[in-house]
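One file, coords_38.txt, is given below (compact mmCIF, C-alpha atoms).
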```
# COMPACT_ATOMS: atom_id res chain seq x y z
CA MET A 1 1.68 13.67 -7.72
CA LEU A 2 1.70 17.46 -7.49
CA SER A 3 -0.56 19.61 -5.35
CA ILE A 4 -0.57 23.42 -5.31
CA SER A 5 -1.81 25.85 -2.68
CA THR A 6 -1.68 29.63 -2.35
CA LEU A 7 -0.05 30.95 0.82
CA LYS A 8 -1.58 34.08 2.36
CA GLY A 9 -0.83 36.14 5.46
CA SER A 10 2.65 36.85 6.80
CA GLY A 11 5.95 34.98 6.75
CA GLY A 12 5.97 34.47 10.50
CA ALA A 13 2.99 32.14 10.14
CA LEU A 14 5.06 29.70 8.09
CA ALA A 15 7.38 28.42 10.81
CA GLY A 16 5.82 24.97 10.36
CA TYR A 17 8.00 24.41 7.30
CA PHE A 18 10.96 24.21 9.66
CA GLU A 19 9.48 21.49 11.88
CA LYS A 20 11.59 18.36 12.06
CA ASP A 21 10.16 14.98 11.15
CA SER A 22 12.62 13.67 13.72
CA GLY A 23 14.76 15.46 16.27
CA GLU A 24 17.45 12.81 15.91
CA ALA A 25 17.49 12.37 12.15
CA ASP A 26 16.97 16.07 11.27
CA TYR A 27 15.01 15.27 8.09
CA TRP A 28 17.41 13.83 5.52
CA SER A 29 20.35 16.02 6.52
CA LYS A 30 22.30 13.12 8.00
CA GLU A 31 21.35 10.75 5.20
CA ALA A 32 21.01 12.57 1.87
CA GLY A 33 22.47 16.03 2.27
CA GLU A 34 20.70 19.18 3.38
CA SER A 35 16.95 18.91 3.85
CA THR A 36 16.33 22.47 2.64
CA SER A 37 17.71 24.45 -0.27
CA TRP A 38 17.18 27.66 -2.22
CA VAL A 39 16.32 27.17 -5.88
CA GLY A 40 16.01 29.50 -8.85
CA ALA A 41 17.71 32.37 -10.64
CA GLY A 42 15.76 34.84 -8.51
CA ALA A 43 17.20 33.34 -5.35
CA THR A 44 20.70 33.57 -6.84
CA GLU A 45 20.24 37.26 -7.70
CA LEU A 46 19.11 37.92 -4.13
CA GLY A 47 22.20 36.17 -2.74
CA LEU A 48 20.27 33.19 -1.38
CA SER A 49 21.94 29.79 -1.66
CA GLY A 50 22.49 26.57 0.28
CA ALA A 51 20.27 25.68 3.25
CA VAL A 52 17.20 27.82 3.95
CA ASP A 53 17.33 29.82 7.18
CA GLN A 54 14.04 30.78 8.78
CA ALA A 55 14.69 34.53 8.99
CA SER A 56 15.49 34.89 5.27
CA PHE A 57 12.56 32.65 4.33
CA GLU A 58 10.07 34.76 6.30
CA LYS A 59 11.38 37.97 4.71
CA ILE A 60 11.00 36.55 1.20
CA MET A 61 7.45 35.48 2.03
CA ASP A 62 6.78 39.04 3.27
CA ARG A 63 8.27 40.38 0.01
CA ASN A 64 11.07 42.10 1.94
CA LEU A 65 14.00 41.35 -0.35
CA PRO A 66 17.68 41.51 0.65
CA GLY A 67 19.36 44.47 -1.01
CA VAL A 68 16.04 45.62 -2.46
CA GLY A 69 13.77 46.35 0.48
CA GLN A 70 10.06 46.01 1.08
CA LEU A 71 7.94 45.60 -2.04
CA PRO A 72 4.40 47.04 -2.12
CA GLY A 73 1.67 44.84 -0.67
CA GLY A 74 4.06 42.72 1.33
CA GLN A 75 2.52 41.66 4.63
CA GLY A 76 -0.56 40.55 6.51
CA GLY A 77 -4.15 39.57 5.95
CA ALA A 78 -5.09 37.94 2.68
CA ARG A 79 -1.99 39.11 0.79
CA ARG A 80 -0.33 36.42 -1.30
CA MET A 81 3.05 35.40 0.06
CA GLY A 82 3.74 32.61 -2.39
CA TYR A 83 2.76 29.19 -3.64
CA ASP A 84 3.43 25.75 -2.18
CA LEU A 85 4.11 23.20 -4.91
CA THR A 86 4.18 19.82 -3.15
CA PHE A 87 5.73 16.93 -5.07
CA SER A 88 4.87 13.51 -3.62
CA ALA A 89 6.61 10.31 -4.66
CA PRO A 90 4.57 7.14 -5.25
CA LYS A 91 3.85 5.33 -1.99
CA SER A 92 5.60 2.16 -3.19
CA LEU A 93 8.74 4.17 -3.91
CA SER A 94 8.63 5.68 -0.41
CA ILE A 95 8.29 2.22 1.12
CA GLN A 96 11.14 0.80 -0.94
CA ALA A 97 13.43 3.76 -0.29
CA LEU A 98 12.83 4.21 3.43
CA VAL A 99 12.42 0.61 4.53
CA THR A 100 15.41 -0.70 2.60
CA GLY A 101 17.43 2.49 2.93
CA ASP A 102 18.00 2.81 -0.83
CA GLN A 103 19.28 6.39 -0.89
CA ARG A 104 19.34 6.34 -4.69
CA LEU A 105 15.55 6.57 -4.74
CA LEU A 106 15.65 9.62 -2.48
CA THR A 107 18.14 11.22 -4.83
CA ALA A 108 15.98 10.35 -7.85
CA HIS A 109 13.04 12.15 -6.25
CA GLN A 110 15.11 15.20 -5.38
CA GLU A 111 16.56 15.43 -8.88
CA ALA A 112 13.13 15.03 -10.52
CA VAL A 113 11.79 17.86 -8.34
CA LYS A 114 14.66 20.21 -9.19
CA GLU A 115 14.43 19.44 -12.92
CA THR A 116 10.68 20.06 -12.90
CA LEU A 117 11.16 23.34 -11.05
CA ALA A 118 13.67 24.34 -13.74
CA MET A 119 10.99 23.72 -16.39
CA ILE A 120 8.47 25.75 -14.38
CA GLU A 121 10.96 28.61 -14.02
CA LYS A 122 11.61 28.66 -17.76
CA ASP A 123 8.15 28.01 -19.20
CA VAL A 124 5.57 28.86 -16.52
CA LEU A 125 6.86 31.68 -14.33
CA LYS A 126 5.34 35.02 -15.41
CA ALA A 127 4.67 38.51 -14.12
CA GLN A 128 1.80 40.78 -15.06
CA LEU A 129 2.75 44.19 -16.44
CA LYS A 130 0.88 47.20 -17.77
CA ALA A 131 2.09 49.07 -20.83
CA GLY A 132 0.18 51.65 -22.84
CA GLY A 133 -2.91 51.06 -20.74
CA LYS A 134 -2.89 47.35 -21.56
CA VAL A 135 -2.03 44.36 -19.39
CA HIS A 136 0.27 41.63 -20.63
CA LEU A 137 2.32 38.77 -19.20
CA GLU A 138 6.09 38.57 -19.29
CA SER A 139 8.09 35.39 -18.85
CA THR A 140 10.80 36.20 -16.33
CA GLY A 141 12.78 32.98 -15.76
CA LYS A 142 13.65 34.17 -12.24
CA MET A 143 12.22 32.00 -9.48
CA THR A 144 12.89 32.37 -5.76
CA ALA A 145 11.91 29.10 -4.12
CA ALA A 146 12.73 27.30 -0.89
CA VAL A 147 12.55 23.51 -1.09
CA PHE A 148 11.79 21.49 2.06
CA ALA A 149 12.27 17.71 1.93
CA HIS A 150 10.18 15.38 4.11
CA GLU A 151 10.05 11.62 4.41
CA THR A 152 7.01 10.78 6.58
CA SER A 153 3.31 11.53 6.61
CA ARG A 154 1.65 13.00 9.68
CA GLU A 155 0.61 9.48 10.61
CA LEU A 156 4.28 8.41 10.48
CA ASP A 157 3.94 6.32 7.34
CA PRO A 158 6.78 6.38 4.75
CA GLN A 159 5.98 9.29 2.45
CA ILE A 160 8.72 11.06 0.50
CA HIS A 161 7.60 14.51 -0.52
CA SER A 162 9.07 17.96 -1.11
CA HIS A 163 7.49 21.36 -0.57
CA ALA A 164 8.76 23.87 -3.13
CA VAL A 165 7.62 27.17 -1.65
CA VAL A 166 7.81 29.77 -4.43
CA GLY A 167 7.95 33.35 -3.19
CA ASN A 168 5.53 35.81 -4.79
CA VAL A 169 8.42 37.76 -6.31
CA THR A 170 10.24 37.80 -9.64
CA ARG A 171 12.41 40.23 -11.58
CA THR A 172 11.21 41.49 -14.94
CA ALA A 173 13.24 42.67 -17.91
CA ASP A 174 13.13 46.30 -16.72
CA GLY A 175 15.03 45.28 -13.57
CA LYS A 176 12.08 45.71 -11.22
CA TRP A 177 10.89 43.09 -8.74
CA ARG A 178 7.21 42.33 -9.09
CA ALA A 179 4.54 39.86 -7.99
CA LEU A 180 3.93 36.64 -9.91
CA GLU A 181 0.90 35.88 -12.05
CA GLY A 182 -0.06 32.97 -9.80
CA SER A 183 -2.79 31.57 -12.03
CA GLN A 184 -0.05 30.18 -14.29
CA PHE A 185 0.88 27.57 -11.68
CA TYR A 186 -2.65 26.20 -11.68
CA LYS A 187 -2.98 26.34 -15.47
CA HIS A 188 0.20 24.30 -15.83
CA LYS A 189 -0.38 21.97 -12.88
CA MET A 190 -1.13 18.94 -15.05
CA LEU A 191 1.96 19.50 -17.19
CA ALA A 192 4.26 20.01 -14.19
CA GLY A 193 2.91 16.94 -12.41
CA ALA A 194 3.35 14.81 -15.52
CA GLU A 195 6.87 16.15 -16.03
CA TYR A 196 7.83 15.20 -12.46
CA ARG A 197 6.39 11.69 -12.82
CA ALA A 198 8.02 11.12 -16.21
CA ARG A 199 11.42 12.20 -14.92
CA LEU A 200 11.09 10.17 -11.72
CA ALA A 201 9.96 7.02 -13.56
CA SER A 202 12.91 7.26 -15.92
CA LYS A 203 15.37 7.63 -13.04
CA VAL A 204 14.04 4.68 -11.03
CA GLN A 205 14.07 2.51 -14.16
CA ASP A 206 17.72 3.45 -14.64
CA LEU A 207 18.29 2.04 -11.14
CA GLY A 208 16.77 -1.29 -12.17
CA TYR A 209 13.25 -0.91 -10.75
CA LYS A 210 10.25 -1.77 -12.90
CA VAL A 211 7.23 0.53 -12.86
CA LYS A 212 3.54 0.00 -13.50
CA VAL A 213 1.37 2.93 -14.60
CA THR A 214 -1.83 3.04 -12.55
CA HIS A 215 -3.63 6.10 -13.96
CA LEU A 216 -3.99 7.82 -17.33
CA ASP A 217 -2.15 10.90 -16.02
CA GLY A 218 1.00 8.82 -15.56
CA ARG A 219 0.82 8.07 -11.85
CA PHE A 220 2.78 4.90 -11.24
CA GLU A 221 3.98 2.46 -8.58
CA LEU A 222 6.95 0.13 -8.39
CA LYS A 223 6.25 -3.41 -9.53
CA GLY A 224 6.44 -5.99 -6.77
CA ILE A 225 4.49 -3.98 -4.19
CA SER A 226 0.74 -4.63 -4.30
CA ARG A 227 -2.16 -2.24 -3.70
CA ASN A 228 -3.03 -3.98 -0.41
CA GLN A 229 0.56 -3.62 0.78
CA ILE A 230 0.55 0.05 -0.17
CA GLU A 231 -2.71 0.66 1.69
CA GLY A 232 -1.14 -0.86 4.80
CA PHE A 233 1.27 2.09 4.81
CA SER A 234 -1.39 4.69 3.92
CA LYS A 235 -3.16 5.57 7.15
CA ARG A 236 -3.31 9.23 6.17
CA ARG A 237 -5.12 8.45 2.93
CA ALA A 238 -7.56 6.22 4.80
CA GLN A 239 -8.42 9.13 7.11
CA ILE A 240 -9.12 11.44 4.18
CA GLU A 241 -11.28 8.86 2.39
CA ALA A 242 -13.26 8.26 5.58
CA ALA A 243 -13.88 12.00 5.93
CA LEU A 244 -14.99 12.20 2.29
CA LYS A 245 -17.38 9.30 2.75
CA ALA A 246 -18.85 10.90 5.87
CA SER A 247 -19.38 14.21 4.07
CA GLY A 248 -20.87 12.59 0.99
CA LYS A 249 -18.80 14.90 -1.23
CA THR A 250 -16.33 14.20 -4.03
CA GLY A 251 -13.82 16.10 -6.12
CA ALA A 252 -10.50 17.85 -5.67
CA ARG A 253 -11.85 20.67 -3.48
CA ALA A 254 -13.68 18.22 -1.21
CA SER A 255 -10.48 16.16 -0.87
CA GLU A 256 -8.52 19.29 0.07
CA ILE A 257 -11.06 20.19 2.76
CA ALA A 258 -11.02 16.62 4.09
CA ALA A 259 -7.22 16.66 4.22
CA LEU A 260 -7.20 19.87 6.23
CA SER A 261 -9.97 18.79 8.60
CA THR A 262 -8.22 15.51 9.48
CA ARG A 263 -4.74 17.00 9.76
CA LYS A 264 -2.85 16.39 12.98
CA ALA A 265 0.23 18.12 14.31
CA LYS A 266 3.50 16.34 13.62
CA VAL A 267 4.99 14.38 16.50
CA PRO A 268 8.32 15.95 17.53
CA LYS A 269 11.62 14.23 18.29
CA LEU A 270 10.96 10.77 16.95
CA ASN A 271 13.51 8.00 17.17
CA LYS A 272 14.06 7.45 13.45
CA GLY A 273 15.84 4.15 14.03
CA GLN A 274 12.86 2.73 15.93
CA LEU A 275 10.46 4.07 13.31
CA ARG A 276 12.40 2.40 10.50
CA GLU A 277 12.45 -0.89 12.39
CA ALA A 278 8.68 -0.65 12.80
CA TRP A 279 8.35 -0.12 9.05
CA LYS A 280 10.53 -3.14 8.35
CA THR A 281 8.40 -5.29 10.65
CA ALA A 282 5.19 -4.11 9.00
CA ALA A 283 6.66 -4.68 5.53
CA LYS A 284 7.74 -8.20 6.41
CA LYS A 285 4.30 -9.07 7.80
CA SER A 286 2.58 -7.81 4.65
CA GLY A 287 5.01 -9.66 2.38
CA VAL A 288 6.66 -6.61 0.80
CA ASN A 289 9.71 -7.59 -1.25
CA LEU A 290 12.62 -5.67 0.26
CA LYS A 291 15.24 -6.81 -2.23
CA LEU A 292 17.20 -4.27 -4.24
CA PRO A 293 17.36 -4.71 -8.03
CA SER A 294 20.47 -6.64 -9.03
CA LYS A 295 21.12 -4.73 -12.26
CA PRO A 296 19.75 -1.82 -14.33
CA LEU A 297 16.98 -2.50 -16.81
CA ALA A 298 17.86 -2.62 -20.48
CA GLU A 299 17.54 0.89 -21.85
CA LEU A 300 15.02 1.65 -24.57
CA SER A 301 16.57 2.69 -27.85
CA GLN A 302 16.02 6.20 -29.14
CA ALA A 303 13.82 4.75 -31.89
CA GLN A 304 11.61 3.04 -29.28
CA ARG A 305 11.35 6.20 -27.17
CA THR A 306 10.48 8.27 -30.23
CA ALA A 307 7.78 5.79 -31.31
CA ASN A 308 6.33 5.73 -27.78
CA ALA A 309 6.31 9.52 -27.64
CA GLN A 310 4.52 9.77 -30.99
CA LYS A 311 1.84 7.33 -29.86
CA ALA A 312 1.38 9.29 -26.64
CA ALA A 313 1.13 12.59 -28.54
CA LYS A 314 -1.55 11.24 -30.90
CA LYS A 315 -3.51 9.86 -27.99
CA ALA A 316 -3.22 13.18 -26.14
CA PHE A 317 -4.53 15.19 -29.13
CA THR A 318 -7.49 12.84 -29.50
CA ALA A 319 -8.30 12.96 -25.78
CA SER A 320 -7.84 16.73 -25.52
CA PHE A 321 -10.29 17.53 -28.32
CA ALA A 322 -12.88 14.95 -27.36
CA TYR A 323 -15.05 17.56 -25.62
CA ASP A 324 -13.37 20.96 -26.08
CA ARG A 325 -12.57 22.96 -29.19
CA SER A 326 -9.98 25.16 -27.44
CA VAL A 327 -7.36 23.48 -25.26
CA PRO A 328 -4.18 24.94 -23.66
CA MET A 329 -1.01 23.49 -25.16
CA ALA A 330 0.17 22.71 -21.63
CA ARG A 331 -2.80 20.38 -21.20
CA VAL A 332 -1.97 18.48 -24.38
CA GLU A 333 1.69 18.14 -23.35
CA GLY A 334 0.65 17.06 -19.87
CA LYS A 335 -1.65 14.35 -21.21
CA ALA A 336 1.02 13.14 -23.62
CA MET A 337 3.61 12.93 -20.86
CA GLY A 338 1.17 11.02 -18.69
CA PHE A 339 0.59 8.49 -21.46
CA ALA A 340 4.35 8.14 -21.98
CA VAL A 341 5.51 7.71 -18.36
CA GLY A 342 8.14 4.99 -18.24
CA LYS A 343 8.29 4.83 -22.05
CA ALA A 344 9.73 8.17 -23.20
CA SER A 345 11.37 11.27 -21.75
CA PRO A 346 9.69 14.70 -21.47
CA SER A 347 11.91 16.02 -24.28
CA ASP A 348 10.88 13.11 -26.53
CA VAL A 349 7.22 13.89 -25.84
CA ARG A 350 7.60 17.61 -26.52
CA LYS A 351 9.26 16.90 -29.86
CA ALA A 352 6.43 14.53 -30.79
CA VAL A 353 3.74 17.07 -29.85
CA ILE A 354 5.45 19.80 -31.87
CA LYS A 355 5.89 17.48 -34.86
CA LEU A 356 2.25 16.44 -34.78
CA SER A 357 1.09 20.05 -34.45
CA LYS A 358 2.81 21.02 -37.70
CA GLY A 359 -0.10 19.55 -39.62
CA GLN A 360 -2.23 22.45 -38.39
CA VAL A 361 -2.18 26.23 -38.81
CA VAL A 362 0.11 27.75 -36.17
CA VAL A 363 -0.55 31.27 -34.93
CA ARG A 364 1.83 33.26 -32.77
CA GLU A 365 0.51 36.09 -30.65
CA GLY A 366 2.46 39.25 -31.41
CA MET A 367 3.09 40.33 -27.81
CA ALA A 368 6.02 40.09 -25.40
CA GLN A 369 4.66 36.73 -24.27
CA ALA A 370 4.19 34.66 -27.44
CA SER A 371 1.48 32.02 -27.40
CA LEU A 372 0.73 29.18 -29.75
CA LYS A 373 -2.66 28.28 -31.13
CA LEU A 374 -3.40 25.50 -33.53
CA VAL A 375 -6.40 26.23 -35.70
CA VAL A 376 -7.96 23.34 -37.57
CA ALA A 377 -8.55 24.20 -41.23
CA SER A 378 -12.19 23.10 -41.13
CA LYS A 379 -12.94 25.84 -38.62
CA LEU A 380 -11.37 28.42 -40.91
CA LYS A 381 -13.50 27.25 -43.83
CA VAL A 382 -16.61 28.07 -41.84
CA GLN A 383 -15.21 31.45 -40.90
CA ALA A 384 -13.97 32.28 -44.40
CA GLY A 385 -17.25 33.94 -45.30
CA HIS A 386 -17.12 36.40 -42.42
CA LEU A 387 -15.59 39.64 -43.70
CA ALA A 388 -14.32 42.33 -41.39
CA SER A 389 -13.72 46.05 -41.56
CA ARG A 390 -10.36 47.57 -42.45
CA SER A 391 -9.79 48.42 -38.78
CA LEU A 392 -10.45 44.83 -37.72
CA LYS A 393 -7.97 43.61 -40.33
CA ALA A 394 -5.34 45.93 -38.90
CA GLY A 395 -6.09 44.75 -35.37
CA ALA A 396 -5.77 41.12 -36.40
CA ARG A 397 -2.44 41.82 -38.09
CA ARG A 398 -1.13 43.50 -34.96
CA SER A 399 -2.11 40.54 -32.78
CA ILE A 400 -0.63 37.93 -35.13
CA SER A 401 3.08 38.17 -35.80
CA SER A 402 3.58 35.03 -37.88
CA VAL A 403 1.55 32.28 -39.43
CA VAL A 404 2.82 28.93 -40.68
CA VAL A 405 0.37 27.30 -43.05
CA PRO A 406 0.67 23.69 -44.24
CA PRO A 407 0.34 22.93 -47.96
CA GLY A 408 -3.18 23.10 -49.34
CA VAL A 409 -4.68 25.70 -47.00
CA GLY A 410 -3.01 28.88 -48.30
CA HIS A 411 -6.37 30.11 -49.62
CA LEU A 412 -7.57 30.30 -46.01
CA MET A 413 -5.03 32.96 -45.02
CA SER A 414 -7.43 35.83 -45.63
CA ALA A 415 -10.00 34.19 -43.37
CA LEU A 416 -7.43 33.86 -40.61
CA ARG A 417 -6.43 37.51 -40.78
CA VAL A 418 -9.91 39.02 -40.83
CA THR A 419 -11.94 36.70 -38.63
CA ARG A 420 -13.10 38.35 -35.44
CA GLN A 421 -13.08 35.09 -33.49
CA ILE A 422 -9.43 34.42 -34.25
CA GLY A 423 -8.48 37.91 -33.14
CA LYS A 424 -10.37 37.45 -29.89
CA ASP A 425 -8.92 33.99 -29.28
CA VAL A 426 -5.35 35.10 -29.84
CA GLY A 427 -5.70 38.16 -27.65
CA ARG A 428 -7.36 36.19 -24.87
CA GLU A 429 -4.85 33.33 -24.58
CA GLU A 430 -2.32 33.74 -21.76
CA GLY A 431 -0.26 30.70 -22.57
CA LYS A 432 0.19 28.17 -25.26
CA GLY A 433 -3.08 26.83 -26.53
CA ILE A 434 -4.76 24.84 -29.24
CA SER A 435 -8.07 25.64 -30.93
CA ARG A 436 -10.17 23.32 -32.91
```

Target encoding C-alpha cells, full file:
Amino acid sequence: MLSISTLKGSGGALAGYFEKDSGEADYWSKEAGESTSWVGAGATELGLSGAVDQASFEKIMDRNLPGVGQLPGGQGGARRMGYDLTFSAPKSLSIQALVTGDQRLLTAHQEAVKETLAMIEKDVLKAQLKAGGKVHLESTGKMTAAVFAHETSRELDPQIHSHAVVGNVTRTADGKWRALEGSQFYKHKMLAGAEYRARLASKVQDLGYKVKVTHLDGRFELKGISRNQIEGFSKRRAQIEAALKASGKTGARASEIAALSTRKAKVPKLNKGQLREAWKTAAKKSGVNLKLPSKPLAELSQAQRTANAQKAAKKAFTASFAYDRSVPMARVEGKAMGFAVGKASPSDVRKAVIKLSKGQVVVREGMAQASLKLVVASKLKVQAGHLASRSLKAGARRSISSVVVPPGVGHLMSALRVTRQIGKDVGREEGKGISR
C-alpha cells in the first residue's frame, strides 16, 4: 500500500529517518545493498547520488540547495519541507522474505518502488507558475527524493517498507528551482499505489510465487499464508484497530490519528539474528509454509495480458462513473490497475484505458500542462442548445487546442466549442480527467 504525508518544520527535525532498525544489521546494508539512496533527475542535477548523508538531506528539506543556495520560504514553522511517500509490501511477502531470507523479494520491492517513483516523476511531479497574471502548472520531471528502506515495524514484526521522502523542490523549464504543487501527490495517490502493487505482483510471480488479490484496489497477499497467520505477525495493526474501536471513529483520517497516538519509539541496537530466529519460531508454530518456490510460474501470453487489461479498463470506467460525472483520469487508471493486479502490467492497462477512451470525445487543454477530458456525447446533446457570445467562443477556442471526435458526432462540434460548462471544466482541470 501507499501512504502520503506532508512534512513541515525544519530539516533538523527529521533525524529519525536515519535511525537504525538494528545496530548490528544496519538496515539492509549488509544484506541487500545500501539502505538509503538518492532518486530523481533533480537529485542528479544537484550532484546527489548514492547513499543519503544526514547533512545533505537536512539541507534539501530546508530548501538550501547545493550550488544554488537558500530558496525563499525554506525553514521553520509550518513551512512545507517535502512529502513522505511510504510504500509498504504485503505482510505475507514480508514474512516470506525475512523469515526465509529470500533476498529476491526484497529486491522486487525495491525495484517496484523505484519504477513507481519514475512514473511519479514523469507524470505527477509539477510546479505552480504565474504567467500573465494567471497561474498554471508545469510538469518538470525533476524529482529530488531520498529513499529509506526498513524491514520491521515498531513492534518488531516483519514489515518491508520504504520511505521516499520527496523534497519540496524542482527545476522548471526556465532553469529556476521552485516549490512543488503538493496536491498532485494526493490526487494521484490511488494511481501510484496501484502501480506499485501491479509491478510488485508481477515481479513476485516471476519468482514463482502465487498471489491472491484481497481488495478491489489490487492489494494482494502471497498464496499459502493465511489471514490468521498474517495477523500473528501484525501487532502494530492490532494496536491501531484497538485505538479505532476505543475512539468509535472510522476512516482514513481516524486511522492516521490512531497510528500516531499508538506509535512507540524504535528499539535501538537489536540483535537481528535473534530477531529472525524468533520470527522463524513463530512462523513454525503458526504453520507458515517456509518453502521457496521450486520454479517460476508459467508466464501469461501477451494476448492474455491484453485481454485482462481490457476487462479491467471496462470495469474501471463503469465503477468510476457509477456516482460521478467528472472523474480524474488518474482515478480511472488506478482502478483499472487495481483490477488487473497479477493479470496485466501497468503499460498493458494504460494502453487498454486509452483504447477504450477513443470512443469518446477527447479534449486537450491548450496550456503548458495539457489535460485530457472525455466528454460523453449525450452530455453535449443537452448542451447543444446553449449558445454563447462571440467572446465566449474565442475563450473556448483558446482553452481547447485539439479535439478528436469519433464518427457520428461531428455535428456536436459547435456545442463543444461554445458551451460555457466545457470551457469552465477544461480550465479548471489540473490533471487528466474524464467528464460524463

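Proximity ranking of A:Ala41, A:Val68, A:Ala282, A:Ala55 relative to A:Val99 places A:Ala282 first, based on all atoms listed in the file.
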
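Atom CA of A:Ala344 to atom CA of A:Lys126 spans 28.3 Å [interatomic distance, one decimal].
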
Please report as a tab-separated table every residue of stretch 101-168 of chain A lying within 6 Å of stretch 193-216 of chain A, along with the nearest atom pair and their distance in Å (one decimal), using only C-alpha atoms.
```
residue	atom	partner	partner_atom	distance
A:Ala108	CA	A:Lys203	CA	5.9
A:Ala112	CA	A:Leu200	CA	5.4
A:Thr116	CA	A:Tyr196	CA	5.7
```

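Non-sequential neighbours of A:Tyr17 (distance at most 10 Å, separation of 2 or more positions within a chain, all atoms listed in the file) are A:Ala13, A:Leu14, A:Ala15, A:Glu19, A:Lys20, A:Thr36, A:Gln54, A:Phe57, A:Ala146, A:Val147, A:Phe148, A:Ala149, A:His150, A:His163, A:Val165.
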
### Query
Which residue, A:Ala179, A:Trp279, A:Leu125, A:Glu221, has the smallest gap to A:Gly101 when you use all atoms listed in the file?
A:Trp279

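The closest residue to A:Gly232, picked from A:His109, A:Met190, A:Lys91, A:Ala131 and counting all atoms listed in the file, is A:Lys91.
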
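With distances restricted to only C-alpha atoms, A:Asn308 is the closest residue to A:Val341 from A:Asn168, A:Asn308, A:Thr86, A:Thr107.
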